[in-house]
file my_file32.cif (mmCIF, C-alpha atoms (C1' of nucleotides))
data_final
#
loop_
_atom_site.label_atom_id
_atom_site.label_comp_id
_atom_site.auth_asym_id
_atom_site.auth_seq_id
_atom_site.Cartn_x
_atom_site.Cartn_y
_atom_site.Cartn_z
CA MET A 1 -11.92 37.07 10.78
CA ASP A 2 -9.91 34.49 8.85
CA MET A 3 -9.98 31.15 10.64
CA SER A 4 -8.22 29.25 7.89
CA ARG A 5 -4.80 29.93 9.42
CA PRO A 6 -5.30 30.54 13.13
CA LYS A 7 -1.68 29.74 13.99
CA THR A 8 -1.46 30.03 17.71
CA ARG A 9 2.01 29.87 19.20
CA ILE A 10 1.57 26.20 20.01
CA GLN A 11 0.45 25.44 16.49
CA LYS A 12 3.47 27.13 15.02
CA LYS A 13 5.74 25.28 17.38
CA ASN A 14 4.20 21.90 16.58
CA THR A 15 4.09 22.52 12.87
CA LEU A 16 7.78 23.35 12.92
CA ALA A 17 8.56 20.32 15.09
CA ILE A 18 6.75 18.09 12.60
CA LEU A 19 8.57 19.53 9.61
CA GLU A 20 11.91 19.21 11.37
CA ALA A 21 11.16 15.60 12.32
CA ALA A 22 9.88 14.80 8.84
CA LEU A 23 13.02 16.23 7.27
CA GLU A 24 15.12 13.99 9.46
CA VAL A 25 13.20 10.84 8.60
CA PHE A 26 12.26 11.46 4.95
CA SER A 27 15.85 12.39 4.07
CA GLN A 28 17.10 9.14 5.56
CA HIS A 29 14.49 6.68 4.33
CA GLY A 30 12.70 8.32 1.41
CA PHE A 31 8.96 8.85 1.17
CA ARG A 32 7.79 5.24 1.15
CA GLY A 33 10.45 4.15 3.61
CA THR A 34 9.18 6.63 6.18
CA THR A 35 6.28 5.87 8.53
CA LEU A 36 4.06 8.33 10.34
CA ASP A 37 5.06 6.59 13.56
CA GLN A 38 8.69 7.54 12.99
CA ILE A 39 7.83 11.17 12.31
CA ALA A 40 5.46 11.31 15.28
CA GLN A 41 8.05 9.91 17.63
CA ALA A 42 10.78 12.24 16.37
CA ALA A 43 8.40 15.18 16.76
CA GLY A 44 7.27 14.10 20.21
CA LEU A 45 3.62 13.85 19.20
CA SER A 46 1.08 11.10 18.79
CA LYS A 47 0.25 9.88 15.31
CA PRO A 48 -3.34 11.22 15.30
CA ASN A 49 -2.04 14.52 16.57
CA LEU A 50 0.33 14.66 13.63
CA LEU A 51 -2.65 14.28 11.33
CA TYR A 52 -4.41 17.08 13.13
CA TYR A 53 -1.75 19.44 11.77
CA PHE A 54 -1.33 17.89 8.35
CA PRO A 55 -4.09 16.04 6.49
CA SER A 56 -1.84 13.26 5.23
CA LYS A 57 1.68 11.89 5.02
CA GLU A 58 1.95 13.26 1.51
CA ALA A 59 0.94 16.72 2.70
CA ILE A 60 3.88 16.76 5.13
CA HIS A 61 6.24 15.69 2.39
CA THR A 62 4.99 18.26 -0.08
CA ALA A 63 5.05 21.05 2.51
CA LEU A 64 8.69 20.20 3.22
CA LEU A 65 9.76 20.14 -0.42
CA MET A 66 7.94 23.34 -1.31
CA GLY A 67 9.14 25.17 1.79
CA LEU A 68 12.77 24.29 1.11
CA MET A 69 12.76 24.81 -2.64
CA ASP A 70 13.57 28.52 -2.47
CA THR A 71 16.34 28.09 0.06
CA TRP A 72 17.79 25.42 -2.10
CA ILE A 73 18.15 27.49 -5.25
CA ASP A 74 18.99 30.79 -3.57
CA PRO A 75 22.78 30.42 -3.95
CA LEU A 76 22.41 30.48 -7.72
CA LYS A 77 20.31 33.64 -7.61
CA GLU A 78 23.16 35.46 -5.89
CA MET A 79 25.50 35.06 -8.83
CA ASP A 80 26.15 38.70 -9.69
CA LYS A 81 26.49 39.97 -13.25
CA ASP A 82 28.61 42.89 -12.07
CA GLY A 83 31.23 40.80 -10.32
CA ASN A 84 34.37 39.20 -11.68
CA PRO A 85 33.15 36.19 -13.70
CA VAL A 86 35.61 33.56 -12.46
CA ASP A 87 35.24 34.74 -8.87
CA GLU A 88 31.45 34.79 -9.11
CA ILE A 89 31.24 31.21 -10.32
CA VAL A 90 33.85 29.93 -7.87
CA ALA A 91 31.99 31.71 -5.07
CA TYR A 92 28.81 29.96 -6.22
CA VAL A 93 30.58 26.60 -6.10
CA LEU A 94 31.72 27.28 -2.54
CA ARG A 95 28.28 28.47 -1.45
CA LYS A 96 26.76 25.33 -2.87
CA LEU A 97 29.32 23.14 -1.12
CA GLU A 98 28.62 25.00 2.11
CA MET A 99 24.92 24.20 1.67
CA ALA A 100 25.78 20.52 1.33
CA ARG A 101 27.84 20.72 4.51
CA VAL A 102 25.29 22.59 6.60
CA TYR A 103 22.11 21.11 5.12
CA PRO A 104 22.88 17.52 4.13
CA ARG A 105 19.37 16.40 5.03
CA GLU A 106 17.82 18.88 2.65
CA SER A 107 20.19 17.74 -0.08
CA ARG A 108 19.26 14.10 0.45
CA LEU A 109 15.56 14.94 0.56
CA PHE A 110 15.81 16.41 -2.92
CA ALA A 111 18.13 13.64 -4.08
CA ASN A 112 15.60 10.99 -3.03
CA GLU A 113 12.84 12.89 -4.77
CA ILE A 114 14.67 13.43 -8.04
CA VAL A 115 16.24 9.97 -8.31
CA GLN A 116 12.75 8.54 -8.11
CA GLY A 117 11.46 10.75 -10.90
CA ALA A 118 10.60 13.98 -9.02
CA PRO A 119 6.87 13.13 -8.82
CA HIS A 120 6.09 16.09 -6.54
CA ILE A 121 8.35 18.82 -7.90
CA ALA A 122 8.40 18.24 -11.63
CA ASP A 123 6.56 21.52 -12.16
CA GLN A 124 9.04 23.49 -10.07
CA ILE A 125 11.89 22.06 -12.12
CA LYS A 126 10.34 22.73 -15.49
CA GLY A 127 9.17 26.19 -14.41
CA PRO A 128 11.00 28.45 -11.95
CA LEU A 129 14.22 26.42 -11.77
CA ARG A 130 14.47 26.10 -15.52
CA ASN A 131 13.97 29.83 -15.98
CA LEU A 132 16.55 30.73 -13.37
CA VAL A 133 19.11 28.35 -14.88
CA ASN A 134 18.47 29.70 -18.35
CA ASP A 135 18.97 33.26 -17.11
CA LYS A 136 22.27 32.44 -15.44
CA ALA A 137 23.36 30.38 -18.43
CA GLU A 138 22.83 33.44 -20.60
CA LEU A 139 24.93 35.50 -18.20
CA ILE A 140 27.75 32.94 -18.29
CA ARG A 141 27.57 32.75 -22.06
CA GLY A 142 27.96 36.51 -22.18
CA TRP A 143 30.99 36.43 -19.92
CA ALA A 144 32.62 33.79 -22.11
CA GLY A 145 31.79 35.81 -25.21
CA ASP A 146 33.57 38.80 -23.69
CA GLY A 147 36.65 36.67 -23.11
CA LYS A 148 36.36 37.01 -19.33
CA LEU A 149 35.74 33.30 -18.97
CA ALA A 150 36.95 30.21 -20.81
CA GLU A 151 34.59 28.94 -23.52
CA ILE A 152 32.26 26.48 -21.83
CA ASP A 153 28.70 25.11 -22.08
CA PRO A 154 26.89 26.99 -19.29
CA HIS A 155 24.14 24.44 -18.64
CA HIS A 156 26.51 21.54 -18.26
CA LEU A 157 28.80 23.71 -16.16
CA ILE A 158 25.92 24.30 -13.75
CA PHE A 159 25.10 20.57 -13.72
CA SER A 160 28.72 19.82 -12.88
CA ILE A 161 28.61 22.28 -9.99
CA TRP A 162 25.42 20.77 -8.62
CA SER A 163 26.70 17.22 -8.88
CA THR A 164 30.21 17.76 -7.50
CA THR A 165 28.99 19.72 -4.48
CA GLN A 166 25.86 17.76 -3.60
CA HIS A 167 27.88 14.56 -3.91
CA TYR A 168 29.46 15.29 -0.52
CA ALA A 169 26.01 15.32 1.12
CA ASP A 170 24.13 12.72 -0.92
CA PHE A 171 26.92 10.15 -1.13
CA ASP A 172 28.40 10.99 2.23
CA VAL A 173 28.63 7.36 3.40
CA GLN A 174 30.57 6.46 0.29
CA VAL A 175 32.94 9.41 0.65
CA ARG A 176 33.53 8.58 4.28
CA GLY A 177 33.87 4.87 3.59
CA ILE A 178 36.69 5.59 1.18
CA LEU A 179 38.46 8.47 2.91
CA GLN A 180 37.90 7.37 6.53
CA PRO A 181 38.78 10.59 8.46
CA GLU A 182 36.20 12.78 10.13
CA ARG A 183 33.32 14.38 8.35
CA ASP A 184 34.25 18.03 8.24
CA GLU A 185 37.78 17.34 7.05
CA HIS A 186 36.21 16.06 3.80
CA PHE A 187 34.51 19.35 3.30
CA GLU A 188 37.68 21.34 3.92
CA ALA A 189 39.55 19.19 1.42
CA ALA A 190 36.64 19.31 -1.03
CA SER A 191 36.50 23.06 -0.72
CA ALA A 192 40.17 23.49 -1.59
CA PHE A 193 39.88 20.93 -4.37
CA LEU A 194 36.81 22.42 -6.02
CA GLU A 195 38.13 25.98 -5.84
CA THR A 196 41.35 25.02 -7.64
CA PHE A 197 39.42 22.75 -10.00
CA TYR A 198 36.93 25.34 -11.18
CA ARG A 199 39.46 28.17 -11.31
CA ARG A 200 41.54 26.06 -13.67
CA VAL A 201 38.53 25.25 -15.87
CA LEU A 202 37.13 28.74 -15.97
CA THR A 203 40.14 31.02 -16.28
CA PRO A 204 40.51 32.12 -19.91
CA LYS A 205 43.82 31.46 -21.60
CA MET B 1 25.33 -34.96 -6.30
CA ASP B 2 24.93 -31.34 -5.25
CA MET B 3 21.27 -30.41 -4.99
CA SER B 4 21.86 -27.00 -3.51
CA ARG B 5 22.05 -25.38 -6.95
CA PRO B 6 20.11 -27.53 -9.40
CA LYS B 7 19.66 -24.67 -11.93
CA THR B 8 17.58 -26.19 -14.65
CA ARG B 9 17.14 -24.08 -17.77
CA ILE B 10 13.76 -22.88 -16.55
CA GLN B 11 15.20 -21.91 -13.20
CA LYS B 12 17.93 -19.87 -14.80
CA LYS B 13 15.44 -18.17 -17.04
CA ASN B 14 13.09 -17.28 -14.20
CA THR B 15 15.88 -16.15 -11.91
CA LEU B 16 17.11 -13.81 -14.59
CA ALA B 17 13.60 -12.56 -15.30
CA ILE B 18 13.14 -11.78 -11.62
CA LEU B 19 16.41 -9.90 -11.36
CA GLU B 20 15.65 -7.92 -14.50
CA ALA B 21 12.18 -7.06 -13.21
CA ALA B 22 13.52 -6.20 -9.76
CA LEU B 23 16.14 -3.88 -11.26
CA GLU B 24 13.41 -2.06 -13.14
CA VAL B 25 11.22 -1.57 -10.08
CA PHE B 26 13.81 -1.09 -7.33
CA SER B 27 15.69 1.52 -9.35
CA GLN B 28 12.49 3.50 -9.83
CA HIS B 29 10.94 3.27 -6.38
CA GLY B 30 13.71 2.28 -3.98
CA PHE B 31 13.62 -0.73 -1.67
CA ARG B 32 10.67 0.21 0.52
CA GLY B 33 8.77 1.78 -2.35
CA THR B 34 8.84 -1.49 -4.26
CA THR B 35 6.31 -4.29 -3.69
CA LEU B 36 6.67 -7.96 -4.53
CA ASP B 37 3.49 -7.60 -6.58
CA GLN B 38 5.21 -5.11 -8.86
CA ILE B 39 8.25 -7.34 -9.33
CA ALA B 40 6.09 -10.42 -9.86
CA GLN B 41 3.99 -8.70 -12.49
CA ALA B 42 7.04 -7.32 -14.30
CA ALA B 43 8.62 -10.76 -14.25
CA GLY B 44 5.43 -12.50 -15.40
CA LEU B 45 5.25 -14.72 -12.33
CA SER B 46 2.96 -15.08 -9.35
CA LYS B 47 4.07 -13.67 -6.04
CA PRO B 48 4.49 -17.03 -4.28
CA ASN B 49 6.42 -18.26 -7.27
CA LEU B 50 8.77 -15.33 -6.86
CA LEU B 51 9.42 -16.46 -3.32
CA TYR B 52 10.12 -19.94 -4.54
CA TYR B 53 13.22 -18.57 -6.27
CA PHE B 54 14.27 -16.07 -3.64
CA PRO B 55 13.57 -16.47 0.08
CA SER B 56 12.61 -12.82 0.62
CA LYS B 57 12.31 -9.38 -0.90
CA GLU B 58 15.58 -8.40 0.69
CA ALA B 59 17.31 -11.42 -0.84
CA ILE B 60 16.32 -10.22 -4.32
CA HIS B 61 17.62 -6.75 -3.56
CA THR B 62 20.90 -8.00 -2.15
CA ALA B 63 21.43 -10.41 -5.04
CA LEU B 64 20.94 -7.52 -7.45
CA LEU B 65 23.36 -5.20 -5.68
CA MET B 66 26.05 -7.80 -5.26
CA GLY B 67 25.71 -9.09 -8.80
CA LEU B 68 26.08 -5.61 -10.28
CA MET B 69 28.82 -4.34 -8.00
CA ASP B 70 31.68 -5.67 -10.13
CA THR B 71 30.23 -4.39 -13.38
CA TRP B 72 29.82 -1.03 -11.76
CA ILE B 73 33.42 -0.52 -10.75
CA ASP B 74 35.02 -2.23 -13.73
CA PRO B 75 35.61 0.99 -15.71
CA LEU B 76 37.97 2.24 -13.01
CA LYS B 77 39.96 -1.01 -13.06
CA GLU B 78 40.73 -0.47 -16.72
CA MET B 79 42.67 2.73 -16.07
CA ASP B 80 46.09 1.74 -17.39
CA LYS B 81 49.33 2.82 -15.77
CA ASP B 82 51.18 2.48 -19.08
CA GLY B 83 48.92 4.81 -21.03
CA ASN B 84 49.09 8.56 -21.45
CA PRO B 85 47.87 9.98 -18.11
CA VAL B 86 45.50 12.67 -19.40
CA ASP B 87 44.08 10.33 -22.03
CA GLU B 88 43.64 7.52 -19.53
CA ILE B 89 41.64 9.64 -17.13
CA VAL B 90 39.56 11.27 -19.86
CA ALA B 91 38.85 7.81 -21.28
CA TYR B 92 37.71 6.74 -17.82
CA VAL B 93 35.36 9.74 -17.63
CA LEU B 94 33.84 8.80 -20.97
CA ARG B 95 33.49 5.12 -20.04
CA LYS B 96 31.73 6.15 -16.84
CA LEU B 97 29.39 8.48 -18.73
CA GLU B 98 28.66 5.69 -21.18
CA MET B 99 27.72 3.47 -18.26
CA ALA B 100 25.27 6.11 -17.06
CA ARG B 101 23.76 6.27 -20.54
CA VAL B 102 23.45 2.52 -21.09
CA TYR B 103 22.73 1.46 -17.51
CA PRO B 104 20.75 4.26 -15.88
CA ARG B 105 18.74 1.78 -13.82
CA GLU B 106 21.86 0.32 -12.27
CA SER B 107 23.10 3.82 -11.50
CA ARG B 108 19.86 4.74 -9.78
CA LEU B 109 19.79 1.46 -7.88
CA PHE B 110 23.15 2.33 -6.33
CA ALA B 111 22.15 5.96 -5.86
CA ASN B 112 19.06 4.96 -3.91
CA GLU B 113 21.12 2.60 -1.80
CA ILE B 114 23.90 5.07 -1.00
CA VAL B 115 21.71 8.12 -0.39
CA GLN B 116 19.90 6.09 2.24
CA GLY B 117 23.10 5.14 4.00
CA ALA B 118 24.24 2.09 1.99
CA PRO B 119 22.84 -0.39 4.54
CA HIS B 120 23.53 -3.40 2.32
CA ILE B 121 26.85 -2.52 0.68
CA ALA B 122 28.75 -0.65 3.38
CA ASP B 123 31.29 -3.49 3.53
CA GLN B 124 31.87 -3.45 -0.22
CA ILE B 125 32.55 0.27 -0.05
CA LYS B 126 34.93 0.13 2.88
CA GLY B 127 36.69 -2.94 1.49
CA PRO B 128 37.18 -3.69 -2.23
CA LEU B 129 36.05 -0.29 -3.52
CA ARG B 130 38.21 1.61 -1.06
CA ASN B 131 41.25 -0.48 -1.97
CA LEU B 132 40.72 -0.03 -5.69
CA VAL B 133 40.30 3.72 -5.33
CA ASN B 134 43.39 3.98 -3.17
CA ASP B 135 45.42 2.05 -5.76
CA LYS B 136 44.30 4.29 -8.59
CA ALA B 137 44.78 7.40 -6.46
CA GLU B 138 48.39 6.33 -5.95
CA LEU B 139 48.79 5.92 -9.69
CA ILE B 140 47.37 9.38 -10.35
CA ARG B 141 49.57 10.89 -7.65
CA GLY B 142 52.58 9.35 -9.36
CA TRP B 143 51.59 10.77 -12.73
CA ALA B 144 51.22 14.24 -11.21
CA GLY B 145 54.57 13.85 -9.46
CA ASP B 146 56.18 13.07 -12.82
CA GLY B 147 54.70 16.26 -14.26
CA LYS B 148 52.54 14.32 -16.72
CA LEU B 149 49.39 15.57 -15.05
CA ALA B 150 48.41 18.79 -13.34
CA GLU B 151 48.77 18.76 -9.54
CA ILE B 152 45.42 17.52 -8.20
CA ASP B 153 43.94 15.60 -5.25
CA PRO B 154 43.34 12.13 -6.73
CA HIS B 155 40.52 11.07 -4.40
CA HIS B 156 38.47 14.18 -4.95
CA LEU B 157 39.18 13.96 -8.66
CA ILE B 158 37.65 10.50 -8.69
CA PHE B 159 34.65 11.73 -6.68
CA SER B 160 34.16 14.53 -9.19
CA ILE B 161 34.20 12.01 -12.04
CA TRP B 162 31.66 9.78 -10.34
CA SER B 163 29.34 12.65 -9.52
CA THR B 164 29.46 14.49 -12.85
CA THR B 165 28.87 11.34 -14.89
CA GLN B 166 26.28 9.59 -12.72
CA HIS B 167 24.38 12.86 -12.46
CA TYR B 168 23.08 12.30 -16.00
CA ALA B 169 21.50 9.00 -14.94
CA ASP B 170 20.48 9.70 -11.34
CA PHE B 171 19.12 13.20 -11.91
CA ASP B 172 17.91 12.54 -15.43
CA VAL B 173 14.46 14.06 -14.84
CA GLN B 174 16.03 17.27 -13.64
CA VAL B 175 18.45 17.45 -16.56
CA ARG B 176 15.64 16.82 -19.01
CA GLY B 177 13.31 19.24 -17.24
CA ILE B 178 15.85 22.00 -17.68
CA LEU B 179 17.23 21.19 -21.12
CA GLN B 180 14.04 19.86 -22.76
CA PRO B 181 15.40 18.09 -25.87
CA GLU B 182 15.60 14.34 -26.24
CA ARG B 183 17.47 12.06 -23.90
CA ASP B 184 20.45 10.98 -25.93
CA GLU B 185 21.25 14.49 -27.06
CA HIS B 186 22.06 15.27 -23.44
CA PHE B 187 24.61 12.52 -23.38
CA GLU B 188 26.25 13.69 -26.56
CA ALA B 189 26.51 17.22 -25.21
CA ALA B 190 27.64 15.95 -21.82
CA SER B 191 30.28 13.83 -23.47
CA ALA B 192 31.76 16.76 -25.36
CA PHE B 193 31.52 18.98 -22.30
CA LEU B 194 33.18 16.54 -19.89
CA GLU B 195 35.98 15.70 -22.28
CA THR B 196 36.94 19.37 -22.71
CA PHE B 197 36.36 20.02 -19.02
CA TYR B 198 38.65 17.28 -17.72
CA ARG B 199 41.30 17.84 -20.37
CA ARG B 200 41.51 21.45 -19.24
CA VAL B 201 41.78 20.48 -15.58
CA LEU B 202 44.28 17.69 -16.06
CA THR B 203 46.70 18.96 -18.65
CA PRO B 204 49.87 20.18 -16.94
CA LYS B 205 50.99 23.73 -17.63
"C1'" DG C 1 7.27 -25.58 -10.10
"C1'" DT C 2 3.20 -23.15 -9.91
"C1'" DC C 3 -1.03 -22.01 -8.16
"C1'" DT C 4 -5.06 -20.33 -4.63
"C1'" DA C 5 -5.91 -19.13 -0.17
"C1'" DT C 6 -4.64 -17.09 3.85
"C1'" DA C 7 -2.03 -15.97 7.86
"C1'" DA C 8 0.44 -12.25 10.38
"C1'" DG C 9 1.82 -7.91 10.91
"C1'" DG C 10 2.43 -3.16 9.56
"C1'" DT C 11 0.56 1.40 8.10
"C1'" DG C 12 -2.30 5.50 6.85
"C1'" DA C 13 -6.13 7.52 8.42
"C1'" DT C 14 -10.59 8.24 11.27
"C1'" DA C 15 -13.90 8.25 15.40
"C1'" DG C 16 -14.94 9.97 19.46
"C1'" DA C 17 -13.88 10.83 24.46
"C1'" DC C 18 -11.66 14.27 27.18
"C1'" DG D 1 -5.60 20.09 20.87
"C1'" DT D 2 -4.54 15.70 22.32
"C1'" DC D 3 -5.46 11.21 23.42
"C1'" DT D 4 -7.01 5.91 23.04
"C1'" DA D 5 -9.07 2.78 20.21
"C1'" DT D 6 -9.83 1.05 15.95
"C1'" DC D 7 -10.82 0.49 11.00
"C1'" DA D 8 -9.52 -0.70 6.40
"C1'" DC D 9 -6.05 -1.63 3.60
"C1'" DC D 10 -1.69 -3.17 2.00
"C1'" DT D 11 2.28 -6.14 2.03
"C1'" DT D 12 5.41 -9.91 3.12
"C1'" DA D 13 5.48 -14.48 3.61
"C1'" DT D 14 3.65 -19.33 4.26
"C1'" DA D 15 0.49 -23.53 3.73
"C1'" DG D 16 -1.01 -26.81 1.04
"C1'" DA D 17 -3.40 -28.48 -3.27
"C1'" DC D 18 -2.18 -29.74 -7.93
#
call {"tool": "encode", "arguments": {"input": "my_file32.cif", "output": "C-alpha cells"}}
result
Amino acid sequence: MDMSRPKTRIQKKNTLAILEAALEVFSQHGFRGTTLDQIAQAAGLSKPNLLYYFPSKEAIHTALLMGLMDTWIDPLKEMDKDGNPVDEIVAYVLRKLEMARVYPRESRLFANEIVQGAPHIADQIKGPLRNLVNDKAELIRGWAGDGKLAEIDPHHLIFSIWSTTQHYADFDVQVRGILQPERDEHFEAASAFLETFYRRVLTPK
Amino acid sequence: MDMSRPKTRIQKKNTLAILEAALEVFSQHGFRGTTLDQIAQAAGLSKPNLLYYFPSKEAIHTALLMGLMDTWIDPLKEMDKDGNPVDEIVAYVLRKLEMARVYPRESRLFANEIVQGAPHIADQIKGPLRNLVNDKAELIRGWAGDGKLAEIDPHHLIFSIWSTTQHYADFDVQVRGILQPERDEHFEAASAFLETFYRRVLTPK
DNA sequence: GTCTATAAGGTGATAGAC
DNA sequence: GTCTATCACCTTATAGAC
C-alpha cells in the first residue's frame, strides 16, 4: 500500500492549519520577512513539528502558491463565449473585485511574489496563465470584430482589470489612508465605480 | 560652525552611491530580503563603511522612501485647473505611465512597502498624499459638475490611474511573461491603450 | 574615512528522547 | 507525531587599528 501520502485525519488538519497560518504571515511580510517561528505560532505547532509536515520553509511557500494558483485564475475561465460580451466582461470585473474583497491575503501573496520577480511561479505565468489569457483575448477580439464590443486591445484590457481590482486588496492601506471610512464601504463604492467605468469603455458606439 | 552635516564631496558621492545601490536591492528583494552585504557590494563599499554613513539598515530604507516620496507624487500636482479637463487627466495618466517606465525600481520600492502595510510611510499617506488627492478630487468633481467631464467618482478614478499605470512596473514579469516581446514595446502599447481607454471613459456624452 | 575582526542575536533545519 | 535541545549559518551592528 502507498505510504507516500498516508494522510491521517490529524495530518490533514495540521497541514491545513500550517497552510492557513503561512498564508496569513507570508501575505503580510513576504517570503524573507516571514519566520518559521511566526508560522508555527500562528498554526499552534512547534517549529520542528512544522518541519515534520513540510521539509522546508520554501516548501510551505511553494505549496501555498501552487495550491492557490487555480483558484486565483478561475474567474477568468468562467468568461462565457455565448453570453453578452459587455455583460460577460463586466461580470468578470466584478468577480475579480469580489476575490480581492474576500481573499485579500491571497492577492497580496501573489503581489509579493510577482513584484519580486515571480521566482517560484514564472513557469505558471509563461505557461498555463499565458495560454488562458491568449484564449480569452482571442474571444474578446472576436467580439470586437463583430461590433458587439468597442474596439480595444484585449491583453491590455485584461491587465487593466487585474490591476484595478487587485489594487483594493494589495494597496488596501493606501486606499484606506486616503478614503478613511470602513473597509467594506470601499468595495461597494469600487464595485459601482468599476461597473460604470468598464461599461462605458466597452459599449460599442 | 555646524558639524552635524559636514558633507564633503566624497561624503556626498558615497551617500548617493549607497542610496542608488539600496534602491536597486530593496526594490528587488524588499526590506527583509535585502542584506547590508548586497547594498555594500552594489555601492562598492565595505559593510562597516556603509554604517559609517547611515546608522542602520532601516535608516537607509527610510531615507530612500522619504527622499523619493515627493518625486513620486509630483505628476499629480501638475494637473492644471485651467487646462482642458479630459486632456489634463489623460496627460496625467501618460505622465504616470512614463514614471513607471523610467523609474520601475522606485515603483516597486513603494509597492513592496504598501503591500506589506506601509509601516514606514503611513503618515505620509494619511497626511500630505491624502490632502493632495482630496484637492484634485475636488477639482475633478467640479469639472464633471460643469459638464466638461463625464460623471465619475474622482477618488476611484485616481486609484484606477495609479493601478493601471504602476502595474506595468510592479507586475512587469507577469506582463512580459504573457506578452513575450521586448520591454519598451509594452509601454508603447500600454500608452496607446490607456490614452484611448481614459478618453473614452472621461469624455462627456 | 576605511578597514579587519568580532560580538550578539536571529533563523532554518536536525538529532534524538518520548 | 510531538517535543526539547542544539547546531550551523547568516545578518546587523560595533570595536578598534590604521
call {"tool": "interface_residues", "arguments": {"input": "my_file32.cif", "of": "chain D", "to": "chain A", "cutoff": "12 Å", "atoms": "only C-alpha atoms (C1' of nucleotides)", "output": "PyMOL selection string"}}
result
chain D and resi 1-5
call {"tool": "atom_distance", "arguments": {"input": "my_file32.cif", "atom1": "CA of Ala169 (chain B)", "atom2": "CA of Glu58 (chain A)"}}
result
25.9 Å
call {"tool": "closest_atom_pairs", "arguments": {"input": "my_file32.cif", "of": "chain B", "to": "chain A", "cutoff": "8 Å", "atoms": "all atoms listed in the file", "output": "Markdown table"}}
result
| residue | atom | partner | partner_atom | distance |
| --- | --- | --- | --- | --- |
| B:Ser27 | CA | A:Gln116 | CA | 7.7 |
| B:Gln28 | CA | A:Gln116 | CA | 5.3 |
| B:His29 | CA | A:Gln116 | CA | 5.8 |
| B:Gly30 | CA | A:Gln116 | CA | 7.6 |
| B:Phe31 | CA | A:Gly33 | CA | 7.9 |
| B:Arg32 | CA | A:Gly33 | CA | 5.0 |
| B:Gly33 | CA | A:Arg32 | CA | 5.0 |
| B:Arg108 | CA | A:Val115 | CA | 6.5 |
| B:Ala111 | CA | A:Val115 | CA | 7.6 |
| B:Asn112 | CA | A:Asn112 | CA | 7.0 |
| B:Ile114 | CA | A:Phe171 | CA | 5.9 |
| B:Val115 | CA | A:Asp170 | CA | 5.2 |
| B:Gln116 | CA | A:Gln28 | CA | 5.3 |
| B:Gly117 | CA | A:Val173 | CA | 6.0 |
| B:Ala118 | CA | A:Val173 | CA | 7.0 |
| B:Ala122 | CA | A:Gly177 | CA | 7.5 |
| B:Ile125 | CA | A:Gly177 | CA | 6.0 |
| B:Lys126 | CA | A:Gly177 | CA | 4.9 |
| B:Leu129 | CA | A:Ile178 | CA | 7.6 |
| B:Arg130 | CA | A:Ile178 | CA | 4.8 |
| B:Val133 | CA | A:Ile178 | CA | 7.7 |
| B:Ile152 | CA | A:Phe193 | CA | 7.5 |
| B:Asp153 | CA | A:Phe193 | CA | 6.8 |
| B:His156 | CA | A:Ala190 | CA | 6.7 |
| B:Phe159 | CA | A:Thr164 | CA | 7.5 |
| B:Ser160 | CA | A:Thr164 | CA | 5.4 |
| B:Ser163 | CA | A:Ser163 | CA | 5.3 |
| B:Thr164 | CA | A:Ser160 | CA | 5.4 |
| B:His167 | CA | A:Ser163 | CA | 6.1 |
| B:Asp170 | CA | A:Val115 | CA | 5.2 |
| B:Phe171 | CA | A:Val115 | CA | 5.6 |
| B:Asp172 | CA | A:Val115 | CA | 7.8 |
| B:Val173 | CA | A:Gly117 | CA | 6.0 |
| B:Gln174 | CA | A:Ile125 | CA | 6.5 |
| B:Val175 | CA | A:Phe159 | CA | 7.9 |
| B:Gly177 | CA | A:Lys126 | CA | 4.9 |
| B:Ile178 | CA | A:Arg130 | CA | 4.8 |
| B:Leu179 | CA | A:Arg130 | CA | 7.9 |
| B:Ala190 | CA | A:His156 | CA | 6.7 |
| B:Phe193 | CA | A:Asp153 | CA | 6.8 |
| B:Phe197 | CA | A:Val201 | CA | 6.5 |
| B:Arg200 | CA | A:Val201 | CA | 5.9 |
| B:Val201 | CA | A:Val201 | CA | 5.8 |
call {"tool": "interface_residues", "arguments": {"input": "my_file32.cif", "of": "chain C", "to": "chain A", "cutoff": "12 Å", "atoms": "only C-alpha atoms (C1' of nucleotides)", "output": "VMD selection string"}}
result
chain C and resid 10 to 15
call {"tool": "write_last_selection", "arguments": {"input": "my_file32.cif", "atoms": "C-alpha atoms (C1' of nucleotides)", "output": "PDB file, keeping the file's coordinate frame"}}
result
ATOM      1  C1'  DG C  10       2.430  -3.160   9.560  1.00  0.00           C
ATOM      2  C1'  DT C  11       0.560   1.400   8.100  1.00  0.00           C
ATOM      3  C1'  DG C  12      -2.300   5.500   6.850  1.00  0.00           C
ATOM      4  C1'  DA C  13      -6.130   7.520   8.420  1.00  0.00           C
ATOM      5  C1'  DT C  14     -10.590   8.240  11.270  1.00  0.00           C
ATOM      6  C1'  DA C  15     -13.900   8.250  15.400  1.00  0.00           C
TER       7       DA C  15
END
call {"tool": "closest_residue", "arguments": {"input": "my_file32.cif", "among": "B:Lys77, B:Leu97, B:Phe54, B:Ser191", "to": "DA13 (chain D)", "atoms": "all atoms listed in the file"}}
result
B:Phe54
call {"tool": "residues_near_point", "arguments": {"input": "my_file32.cif", "point": "(-0.5, -7.5, 12.2)", "cutoff": "12 Å", "atoms": "all atoms listed in the file", "output": "list in words"}}
result
DA7, DA8, DG9, DG10 and DT11 of chain C; DC9, DC10, DT11 and DT12 of chain D
call {"tool": "write_last_selection", "arguments": {"input": "my_file32.cif", "atoms": "C-alpha atoms (C1' of nucleotides)", "output": "PDB file, keeping the file's coordinate frame"}}
result
ATOM      1  C1'  DA C   7      -2.030 -15.970   7.860  1.00  0.00           C
ATOM      2  C1'  DA C   8       0.440 -12.250  10.380  1.00  0.00           C
ATOM      3  C1'  DG C   9       1.820  -7.910  10.910  1.00  0.00           C
ATOM      4  C1'  DG C  10       2.430  -3.160   9.560  1.00  0.00           C
ATOM      5  C1'  DT C  11       0.560   1.400   8.100  1.00  0.00           C
TER       6       DT C  11
ATOM      7  C1'  DC D   9      -6.050  -1.630   3.600  1.00  0.00           C
ATOM      8  C1'  DC D  10      -1.690  -3.170   2.000  1.00  0.00           C
ATOM      9  C1'  DT D  11       2.280  -6.140   2.030  1.00  0.00           C
ATOM     10  C1'  DT D  12       5.410  -9.910   3.120  1.00  0.00           C
TER      11       DT D  12
END
